[in-house]
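**Student:** For reference, the structure I am asking about is given below.
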Amino acid sequence: MGNKKGDNAGKALAEAMNGLLADSFALYLKTKNFHWHVAGPHFREYHLLLDDHAAQILAITDAVAERVRKNGHRTLTSIGDIARRQSIADNDKSGVSAESMLKELRDDNIAFVAKLRVVKDLAGDAGDNATDGMVDDWTDQAQERAWFLTETLGK
């Protein structure tokens with residue numbers, strides 16, 4: 001017995017949340033990739049930093065998917081589904097410098113914040129207070145990751 005505007009707002013939110021979930025997995029895997037392959041004089045520091053970041057990113061995935069389900073929509077079902085929806089690019093190159101890794105992850109986390117802001121706006125439009133509130137924490141985490149990467153780069 002929902003109204004058309006509410007139904008459309010809910011569908012728009014679910015689509016944005018599924019895109020956010022795809023980007024969460026893409027960012028998680030890229031962060032782990034760089035964690036596994038980072039090298040150089042700051043290896044230990046970068047290795048541990050990226051592992052912390054990856055764990056933080058992975059920790060939100062279940063909450064994102066469950067918000068979509070709680071709102072009556074379907075969520076991601078496979079690696080292919082993630083690949084079709086992600087906006088954060090993969091990086092399959094070998095020999096990426098530590099500095100390039102950190103810069104790429106900083107930029108990806110900034111893009112992730114932008115995606116979170118879109119989700120927050122759509123959650124407000126849909127009257128989804130729970131998602132709206134959760135997005136604030138996820139935004140703070142992504143901003144902190146970007147900040148740490150920026151300060152680690154020293155630029």
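Starting from 1 in every chain, residues are counted up; chains themselves are A, B, ... following the order of the structure tokens, and ligands are numbered from 1 as listed.
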Skipping near chain neighbours, those fewer than 5 positions away, what residues fall within 12 Å of region 62-65 of chain A using only C-alpha atoms, listed as a VMD selection string?

**Tutor:** chain A and resid 13 to 25 56 to 57 70 to 77 116 119 130 to 132 134 to 135 137 to 138

**Student:** Atoms to include: N, CA and C atoms. Write the selected residues as a short mmCIF file (atom, residue, chain, number, x, y, z; two decimals), in the first residue's frame.

**Tutor:**
data_model
loop_
_atom_site.label_atom_id
_atom_site.label_comp_id
_atom_site.auth_asym_id
_atom_site.auth_seq_id
_atom_site.Cartn_x
_atom_site.Cartn_y
_atom_site.Cartn_z
N LEU A 13 17.17 4.36 -3.49
CA LEU A 13 18.08 4.12 -2.37
C LEU A 13 18.70 2.72 -2.48
N ALA A 14 17.89 1.71 -2.77
CA ALA A 14 18.41 0.34 -2.89
C ALA A 14 19.46 0.25 -4.00
N GLU A 15 19.22 0.90 -5.13
CA GLU A 15 20.20 0.90 -6.22
C GLU A 15 21.50 1.55 -5.78
N ALA A 16 21.39 2.69 -5.11
CA ALA A 16 22.59 3.39 -4.63
C ALA A 16 23.32 2.55 -3.57
N MET A 17 22.57 1.89 -2.70
CA MET A 17 23.19 1.05 -1.68
C MET A 17 23.91 -0.14 -2.31
N ASN A 18 23.31 -0.73 -3.35
CA ASN A 18 23.97 -1.84 -4.03
C ASN A 18 25.24 -1.36 -4.75
N GLY A 19 25.22 -0.15 -5.29
CA GLY A 19 26.44 0.42 -5.87
C GLY A 19 27.49 0.66 -4.80
N LEU A 20 27.05 1.15 -3.64
CA LEU A 20 27.96 1.35 -2.51
C LEU A 20 28.56 0.02 -2.06
N LEU A 21 27.73 -1.01 -2.02
CA LEU A 21 28.21 -2.33 -1.62
C LEU A 21 29.24 -2.85 -2.62
N ALA A 22 28.97 -2.68 -3.91
CA ALA A 22 29.94 -3.11 -4.93
C ALA A 22 31.25 -2.36 -4.76
N ASP A 23 31.17 -1.06 -4.52
CA ASP A 23 32.39 -0.27 -4.31
C ASP A 23 33.09 -0.65 -3.01
N SER A 24 32.33 -1.04 -2.01
CA SER A 24 32.95 -1.50 -0.75
C SER A 24 33.80 -2.73 -1.01
N PHE A 25 33.25 -3.69 -1.77
CA PHE A 25 34.03 -4.89 -2.08
C PHE A 25 35.22 -4.56 -2.97
N GLN A 56 38.32 -2.41 8.15
CA GLN A 56 37.26 -1.43 8.38
C GLN A 56 36.26 -1.42 7.22
N ILE A 57 36.77 -1.50 6.00
CA ILE A 57 35.90 -1.50 4.81
C ILE A 57 35.05 -2.77 4.78
N LYS A 70 16.43 -5.30 4.49
CA LYS A 70 15.42 -4.85 5.46
C LYS A 70 14.41 -3.92 4.81
N ASN A 71 14.83 -3.24 3.75
CA ASN A 71 13.92 -2.34 3.03
C ASN A 71 13.18 -3.04 1.91
N GLY A 72 13.30 -4.37 1.84
CA GLY A 72 12.50 -5.15 0.91
C GLY A 72 13.04 -5.29 -0.50
N HIS A 73 14.34 -5.06 -0.66
CA HIS A 73 14.94 -5.15 -1.99
C HIS A 73 15.99 -6.25 -2.02
N ARG A 74 16.41 -6.61 -3.23
CA ARG A 74 17.48 -7.59 -3.40
C ARG A 74 18.82 -6.89 -3.40
N THR A 75 19.84 -7.62 -2.99
CA THR A 75 21.19 -7.06 -2.98
C THR A 75 22.10 -7.89 -3.87
N LEU A 76 23.36 -7.63 -3.82
CA LEU A 76 24.32 -8.29 -4.70
C LEU A 76 24.34 -9.80 -4.51
N THR A 77 24.64 -10.49 -5.60
CA THR A 77 24.59 -11.95 -5.55
C THR A 77 25.89 -12.63 -5.97
N LEU A 116 28.84 7.93 -0.58
CA LEU A 116 28.13 7.90 0.69
C LEU A 116 27.20 9.11 0.84
N VAL A 119 24.09 8.43 -1.08
CA VAL A 119 23.25 7.48 -0.34
C VAL A 119 22.54 8.19 0.82
N ALA A 130 17.35 4.94 9.73
CA ALA A 130 18.40 4.01 10.16
C ALA A 130 19.59 4.06 9.20
N THR A 131 19.32 3.98 7.89
CA THR A 131 20.41 4.06 6.93
C THR A 131 21.07 5.43 7.00
N ASP A 132 20.27 6.47 7.09
CA ASP A 132 20.78 7.83 7.18
C ASP A 132 21.82 7.95 8.29
N MET A 134 23.51 5.46 9.86
CA MET A 134 24.65 4.57 9.66
C MET A 134 25.65 5.17 8.68
N VAL A 135 25.13 5.85 7.66
CA VAL A 135 25.99 6.44 6.64
C VAL A 135 26.93 7.48 7.25
N ASP A 137 28.50 7.32 10.11
CA ASP A 137 29.67 6.60 10.64
C ASP A 137 30.57 6.14 9.49
N TRP A 138 29.98 5.61 8.43
CA TRP A 138 30.76 5.12 7.30
C TRP A 138 31.50 6.26 6.61
#

**Student:** Counting only C-alpha atoms, which residues of region 46-93 of chain A fall within 9 Å of region 98-113 of chain A, and what is the closest atom pair for each with its distance in Å at one decimal, ordered by chain and rising number, as CSV?

**Tutor:**
residue,atom,partner,partner_atom,distance
A:Tyr46,CA,A:Ala98,CA,8.1
A:Leu50,CA,A:Leu102,CA,9.0
A:Ile88,CA,A:Asp108,CA,6.5
A:Ala89,CA,A:Asp108,CA,8.5

**Student:** Restricting the calculation to only C-alpha atoms: of A:Ala142, A:Leu49, A:Ala83, A:Ala59, which residue gets closest to Arg117 (chain A)?

**Tutor:**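 Checking each candidate against Arg117 (chain A), we get A:Ala142 as the closest.
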
**Student:** Can you work out which one of A:Phe34, A:Gly133, A:Arg145, A:Leu48 has the shortest atom-to-atom distance to Ser94 (chain A), counting only C-alpha atoms?

**Tutor:**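 Smallest distance to Ser94 (chain A) is found for A:Phe34.
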
**Student:** Which is closer to Asn129 (chain A) than all the others in A:Asp90, A:Lys30, A:Ala55, A:Arg67, using only C-alpha atoms?

**Tutor:**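 That would be A:Arg67, the residue with the smallest distance to Asn129 (chain A).
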
**Student:** Would you work out the distance separating CA of Ile82 (chain A) from CA of Asp125 (chain A), expressed in Å to one decimal?

**Tutor:**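 Between CA of Ile82 (chain A) and CA of Asp125 (chain A) the gap is 25.1 Å.
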
**Student:** Identify all residues of region 8-151 of chain A in alpha helix (DSSP H) (DSSP on the backbone) and supply them as JSON, numbers by chain.

**Tutor:** {"A": [8, 9, 10, 11, 12, 13, 14, 15, 16, 17, 18, 19, 20, 21, 22, 23, 24, 25, 26, 27, 28, 29, 30, 31, 32, 33, 34, 35, 36, 37, 43, 44, 45, 46, 47, 48, 49, 50, 51, 52, 53, 54, 55, 56, 57, 58, 59, 60, 61, 62, 63, 64, 65, 66, 67, 68, 69, 70, 79, 80, 81, 82, 83, 84, 85, 98, 99, 100, 101, 102, 103, 104, 105, 106, 107, 108, 109, 110, 111, 112, 113, 114, 115, 116, 117, 118, 119, 120, 121, 122, 123, 124, 125, 126, 129, 130, 131, 132, 133, 134, 135, 136, 137, 138, 139, 140, 141, 142, 143, 144, 145, 146, 147, 148, 149, 150, 151]}

**Student:** In Å, how far is it from CA of Ala126 (chain A) to CA of Arg84 (chain A)?

**Tutor:**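 Straight-line distance from CA of Ala126 (chain A) to CA of Arg84 (chain A) works out to 24.7 Å.
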
**Student:** I want to know what sits within 9 Å of Ser97 (chain A), based on only C-alpha atoms, with residues of the same chain fewer than 5 positions away left out; could you give that as a list in words?

**Tutor:**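 Residues near the query, excluding close chain neighbours: Val38, Ala39, Gly40 and Leu102 of chain A.
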
**Student:** Only all heavy atoms, please: the residues just picked out, written as a short mmCIF file (atom, residue, chain, number, x, y, z; two decimals), in the first residue's frame.

**Tutor:**
data_model
loop_
_atom_site.label_atom_id
_atom_site.label_comp_id
_atom_site.auth_asym_id
_atom_site.auth_seq_id
_atom_site.Cartn_x
_atom_site.Cartn_y
_atom_site.Cartn_z
N VAL A 38 52.63 -4.29 -1.23
CA VAL A 38 53.43 -3.10 -0.94
C VAL A 38 54.86 -3.52 -0.61
O VAL A 38 55.11 -4.59 -0.04
CB VAL A 38 52.80 -2.27 0.22
CG1 VAL A 38 52.92 -2.98 1.56
CG2 VAL A 38 53.40 -0.87 0.27
N ALA A 39 55.82 -2.68 -1.00
CA ALA A 39 57.23 -2.95 -0.73
C ALA A 39 57.94 -1.61 -0.52
O ALA A 39 57.43 -0.56 -0.89
CB ALA A 39 57.86 -3.70 -1.90
N GLY A 40 59.10 -1.68 0.08
CA GLY A 40 59.90 -0.48 0.25
C GLY A 40 60.26 -0.24 1.70
O GLY A 40 59.96 -1.05 2.58
N LEU A 102 49.21 4.36 -2.28
CA LEU A 102 48.59 5.22 -1.28
C LEU A 102 47.79 6.34 -1.94
O LEU A 102 46.68 6.66 -1.48
CB LEU A 102 49.65 5.80 -0.34
CG LEU A 102 50.45 4.79 0.50
CD1 LEU A 102 51.41 5.53 1.43
CD2 LEU A 102 49.57 3.85 1.27
#
